[in-house]
Structure formats: C-alpha cells, structure tokens
$ cat work.cif   # mmCIF, C-alpha atoms and all ligand atoms
data_structure
#
loop_
_atom_site.group_PDB
_atom_site.id
_atom_site.type_symbol
_atom_site.label_atom_id
_atom_site.label_comp_id
_atom_site.auth_asym_id
_atom_site.auth_seq_id
_atom_site.Cartn_x
_atom_site.Cartn_y
_atom_site.Cartn_z
ATOM 1 C CA MET A 119 -1.063 -11.402 5.684
ATOM 2 C CA LYS A 120 -4.511 -10.198 6.546
ATOM 3 C CA ARG A 121 -5.460 -8.498 3.301
ATOM 4 C CA LYS A 122 -6.272 -10.019 -0.039
ATOM 5 C CA THR A 123 -3.471 -10.008 -2.569
ATOM 6 C CA VAL A 124 -4.727 -8.650 -5.887
ATOM 7 C CA CYS A 125 -1.522 -9.401 -7.787
ATOM 8 C CA ASP A 126 1.671 -10.919 -6.401
ATOM 9 C CA GLU A 127 3.748 -9.770 -9.374
ATOM 10 C CA PRO A 128 2.918 -6.112 -10.112
ATOM 11 C CA LYS A 129 3.215 -5.463 -13.834
ATOM 12 C CA ILE A 130 5.401 -2.627 -15.081
ATOM 13 C CA GLU A 131 5.591 -1.788 -18.797
ATOM 14 C CA ASN A 132 8.000 0.842 -20.126
ATOM 15 C CA GLY A 133 8.525 2.015 -16.548
ATOM 16 C CA GLU A 134 4.761 2.430 -15.926
ATOM 17 C CA LEU A 135 2.772 0.546 -13.287
ATOM 18 C CA ILE A 136 -0.178 -1.249 -14.904
ATOM 19 C CA CYS A 137 -3.649 -1.736 -13.376
ATOM 20 C CA PRO A 138 -3.883 -5.367 -12.162
ATOM 21 C CA PHE A 139 -7.588 -5.481 -13.076
ATOM 22 C CA CYS A 140 -7.832 -4.078 -16.631
ATOM 23 C CA GLY A 141 -4.276 -3.429 -17.834
ATOM 24 C CA GLY A 142 -4.813 0.340 -17.899
ATOM 25 C CA GLU A 143 -1.844 2.619 -17.334
ATOM 26 C CA PHE A 144 -3.575 5.790 -16.087
ATOM 27 C CA LEU A 145 -3.447 5.447 -12.304
ATOM 28 C CA HIS A 146 -4.133 8.166 -9.723
ATOM 29 C CA HIS A 147 -2.286 8.200 -6.409
ATOM 30 C CA GLY A 148 -4.220 8.207 -3.163
ATOM 31 C CA ILE A 149 -2.790 7.962 0.327
ATOM 32 C CA VAL A 150 0.877 7.055 0.842
ATOM 33 C CA ASN A 151 1.656 5.217 4.099
ATOM 34 C CA VAL A 152 4.978 4.419 5.725
ATOM 35 C CA TYR A 153 4.924 1.711 8.413
ATOM 36 C CA THR A 154 7.884 1.623 10.710
ATOM 37 C CA ARG A 155 9.060 -0.165 13.854
ATOM 38 C CA ARG A 156 11.849 0.724 16.224
ATOM 39 C CA GLU A 157 12.979 -2.911 16.056
ATOM 40 C CA GLU A 158 11.671 -6.227 14.720
ATOM 41 C CA ASP A 159 8.288 -7.173 16.284
ATOM 42 C CA ALA A 160 7.981 -3.785 18.059
ATOM 43 C CA PRO A 161 4.674 -1.838 17.807
ATOM 44 C CA VAL A 162 4.017 -0.327 14.367
ATOM 45 C CA SER A 163 3.752 3.395 13.700
ATOM 46 C CA ARG A 164 2.149 4.657 10.497
ATOM 47 C CA VAL A 165 2.939 7.979 8.838
ATOM 48 C CA SER A 166 0.378 8.910 6.163
ATOM 49 C CA VAL A 167 0.200 11.635 3.544
ATOM 50 C CA ASP A 168 -3.148 12.093 1.813
ATOM 51 C CA ASP A 169 -3.737 13.626 -1.591
ATOM 52 C CA ASP A 170 -4.320 17.045 -0.018
ATOM 53 C CA GLY A 171 -0.844 16.912 1.539
ATOM 54 C CA ASN A 172 -2.137 16.336 5.075
ATOM 55 C CA LEU A 173 0.302 14.440 7.260
ATOM 56 C CA SER A 174 -0.720 12.159 10.125
ATOM 57 C CA THR A 175 1.158 9.830 12.441
ATOM 58 C CA LYS A 176 -0.450 7.036 14.405
ATOM 59 C CA GLN A 177 0.653 4.050 16.430
ATOM 60 C CA ILE A 178 -1.566 1.317 15.007
ATOM 61 C CA GLY A 179 -0.372 -1.860 16.712
ATOM 62 C CA ASP A 180 -1.466 -5.054 15.012
ATOM 63 C CA ASN A 181 -4.606 -4.501 12.936
ATOM 64 C CA ASP A 182 -5.935 -5.047 9.418
ATOM 65 C CA SER A 183 -4.353 -1.918 7.988
ATOM 66 C CA ASP A 184 -0.854 -3.093 8.934
ATOM 67 C CA PRO A 185 0.835 -4.838 5.969
ATOM 68 C CA THR A 186 3.981 -5.611 7.932
ATOM 69 C CA GLU A 187 4.580 -8.929 9.562
ATOM 70 C CA ARG A 188 7.642 -8.100 11.625
ATOM 71 C CA ARG A 189 9.368 -5.129 10.003
ATOM 72 C CA GLY A 190 8.484 -2.095 7.861
ATOM 73 C CA ALA A 191 6.487 -1.296 4.724
ATOM 74 C CA VAL A 192 5.429 1.424 2.322
ATOM 75 C CA THR A 193 2.033 1.448 0.591
ATOM 76 C CA ILE A 194 0.765 3.651 -2.225
ATOM 77 C CA GLU A 195 -2.944 3.604 -2.992
ATOM 78 C CA PHE A 196 -4.121 3.839 -6.613
ATOM 79 C CA ARG A 197 -7.375 4.321 -8.496
ATOM 80 C CA CYS A 198 -7.480 3.284 -12.148
ATOM 81 C CA GLU A 199 -8.855 5.942 -14.494
ATOM 82 C CA GLN A 200 -10.056 3.290 -16.944
ATOM 83 C CA CYS A 201 -11.896 0.742 -14.741
ATOM 84 C CA GLU A 202 -12.273 2.883 -11.554
ATOM 85 C CA ARG A 203 -11.069 0.012 -9.362
ATOM 86 C CA LYS A 204 -8.748 0.662 -6.435
ATOM 87 C CA PHE A 205 -5.745 -1.162 -5.088
ATOM 88 C CA GLN A 206 -2.495 -0.449 -3.294
ATOM 89 C CA MET A 207 1.073 -1.337 -4.063
ATOM 90 C CA GLU A 208 2.910 -2.643 -1.019
ATOM 91 C CA VAL A 209 6.664 -2.720 -0.554
ATOM 92 C CA ARG A 210 7.267 -4.618 2.671
ATOM 93 C CA GLN A 211 10.092 -6.391 4.396
ATOM 94 C CA ASN A 212 9.899 -9.859 5.841
ATOM 95 C CA ARG A 213 12.782 -11.979 7.114
ATOM 96 C CA GLY A 214 15.386 -9.983 5.216
ATOM 97 C CA ARG A 215 13.477 -10.070 1.937
ATOM 98 C CA THR A 216 11.679 -7.192 0.232
ATOM 99 C CA ILE A 217 8.287 -8.116 -1.195
ATOM 100 C CA ILE A 218 6.293 -6.041 -3.717
ATOM 101 C CA ILE A 219 2.636 -6.888 -4.316
ATOM 102 C CA ASN A 220 -0.658 -5.226 -5.193
ATOM 103 C CA SER A 221 -3.348 -5.726 -2.555
ATOM 104 C CA ASP A 222 -6.802 -4.512 -1.625
ATOM 105 C CA ILE A 223 -7.135 -1.411 0.539
ATOM 106 C CA PRO A 224 -8.225 -1.442 4.182
ATOM 107 C CA LYS A 225 -11.742 -0.007 4.496
ATOM 108 C CA LYS A 226 -10.728 2.814 6.839
ATOM 109 C CA GLY A 227 -8.994 5.802 5.335
ATOM 110 C CA ARG A 228 -9.971 5.364 1.689
ATOM 111 C CA LYS A 229 -9.729 8.648 -0.101
ATOM 112 C CA TYR A 230 -9.019 9.441 -3.732
ATOM 113 C CA THR A 231 -9.047 12.429 -6.033
HETATM 114 ZN ZN ZN A 301 -8.072 -0.663 -14.311
#

$ encode --input "work.cif" --output "structure tokens" --more "lines below"
Ligand SMILES: [Zn+2]
Amino acid sequence: MKRKTVCDEPKIENGELICPFCGGEFLHHGIVNVYTRREEDAPVSRVSVDDDGNLSTKQIGDNDSDPTERRGAVTIEFRCEQCERKFQMEVRQNRGRTIIINSDIPKKGRKYT
C-alpha cells in the first residue's frame, strides 16, 4: 500500500461514518472512484465521478492513486465539516478478502464542495 492509512477500522455509530480525526459526524462527499481490472494483476482503470456529476475514465496503471494491489476497489473522499480535514474511505479487495480503511487522499484530483 502506497498511501498512509489514517484509520484501519473506520468507525460507524448509529449507521453514520465518523471522522477519524475529530469524531465529527458531518462529512461531505468529494470524488467517488471505482478501480477495476479485467483480471487479477491486469492494468487498472479508474472511473471517477466528481461532486459536479462529471464522469471520467482513465487507465492509470500502477501509481500512487491506485489503492488496489491486485484486484478492484472503491474510494469515497470526505471532508469533515467540524475539523476541515480530508480523508477517503477505501473498500478494496486483496487475495479474496475485502478490506475497508480510511486513508489519505492522493494529491492529484482533490476537489471538495
Ligand atoms: Zn473531523
């Protein structure tokens, strides 16, 4: 994993995701990314939807914005209304397991409302 893990056990209270930095519950969505591969270890394609509803698709190969190791992933970026810090929740697959963590956000493509 190339990015820093902020929290390896995302906290959910009463069905609400909690900010890993301050415990706040008012989180704003940013970009949603879907990382997919035709087969294990194949090149990665990323489909992104930003907060304006713009859709983009890109073959990204192996770089810092790719949270997958061999399979697929979904990331949702968040900004906390209380502490203003940003993070993303990752749901990724690795060796048949599904892993959910909060991590930092790659520097490219940061955008929030
Ligand atoms: Zn916070």

$ residues_near_ligand --input "work.cif" --ligand "ligand ZN 301 (chain A)" --cutoff "6 Å" --atoms "all atoms listed in the file" --output "ChimeraX atom specification"
/A:137,139-142,198,200-201,203

$ axis_aligned_box --input "work.cif" --around "stretch 194-211 of chain A" --padding-each-side "8 Å" --output "lines of an AutoDock Vina configuration file"
center_x = -1.1
center_y = -0.2
center_z = -6.3
size_x = 38.4
size_y = 28.3
size_z = 37.3

$ closest_residue --input "work.cif" --among "A:Ile149, A:Ile218, A:Ile223, A:Val192" --to "A:Lys129" --atoms "only C-alpha atoms"
A:Ile218

$ resolve_selection --input "work.cif" --expression "the PyMOL selection byres (((chain A and resi 160-166) around 6) and not hetatm)" --output "PDB file with C-alpha atoms, keeping the file's coordinate frame"
ATOM      1  CA  VAL A 150       0.877   7.055   0.842  1.00  0.00           C
ATOM      2  CA  ASN A 151       1.656   5.217   4.099  1.00  0.00           C
ATOM      3  CA  VAL A 152       4.978   4.419   5.725  1.00  0.00           C
ATOM      4  CA  TYR A 153       4.924   1.711   8.413  1.00  0.00           C
ATOM      5  CA  THR A 154       7.884   1.623  10.710  1.00  0.00           C
ATOM      6  CA  ARG A 155       9.060  -0.165  13.854  1.00  0.00           C
ATOM      7  CA  GLU A 157      12.979  -2.911  16.056  1.00  0.00           C
ATOM      8  CA  GLU A 158      11.671  -6.227  14.720  1.00  0.00           C
ATOM      9  CA  ASP A 159       8.288  -7.173  16.284  1.00  0.00           C
ATOM     10  CA  VAL A 167       0.200  11.635   3.544  1.00  0.00           C
ATOM     11  CA  LEU A 173       0.302  14.440   7.260  1.00  0.00           C
ATOM     12  CA  SER A 174      -0.720  12.159  10.125  1.00  0.00           C
ATOM     13  CA  THR A 175       1.158   9.830  12.441  1.00  0.00           C
ATOM     14  CA  LYS A 176      -0.450   7.036  14.405  1.00  0.00           C
ATOM     15  CA  GLN A 177       0.653   4.050  16.430  1.00  0.00           C
ATOM     16  CA  ILE A 178      -1.566   1.317  15.007  1.00  0.00           C
ATOM     17  CA  GLY A 179      -0.372  -1.860  16.712  1.00  0.00           C
TER      18      GLY A 179
END

$ residues_around --input "work.cif" --residues "A:His147" --least-positions-apart "2" --cutoff "10 Å" --atoms "only C-alpha atoms" --output "list in words"
Leu145, Ile149, Val150, Asp168, Asp169, Ile194, Glu195, Phe196, Arg197, Cys198, Lys204, Gln206, Lys229, Tyr230 and Thr231 of chain A

$ atom_distance --input "work.cif" --atom1 "atom CA of A:Thr123" --atom2 "atom CA of A:Ile217"
12.0 Å

$ resolve_selection --input "work.cif" --expression "the PyMOL selection byres (((chain A and resi 130) around 12) and not hetatm)" --output "ChimeraX atom specification"
/A:127-129,131-138,141-143,207,218-220
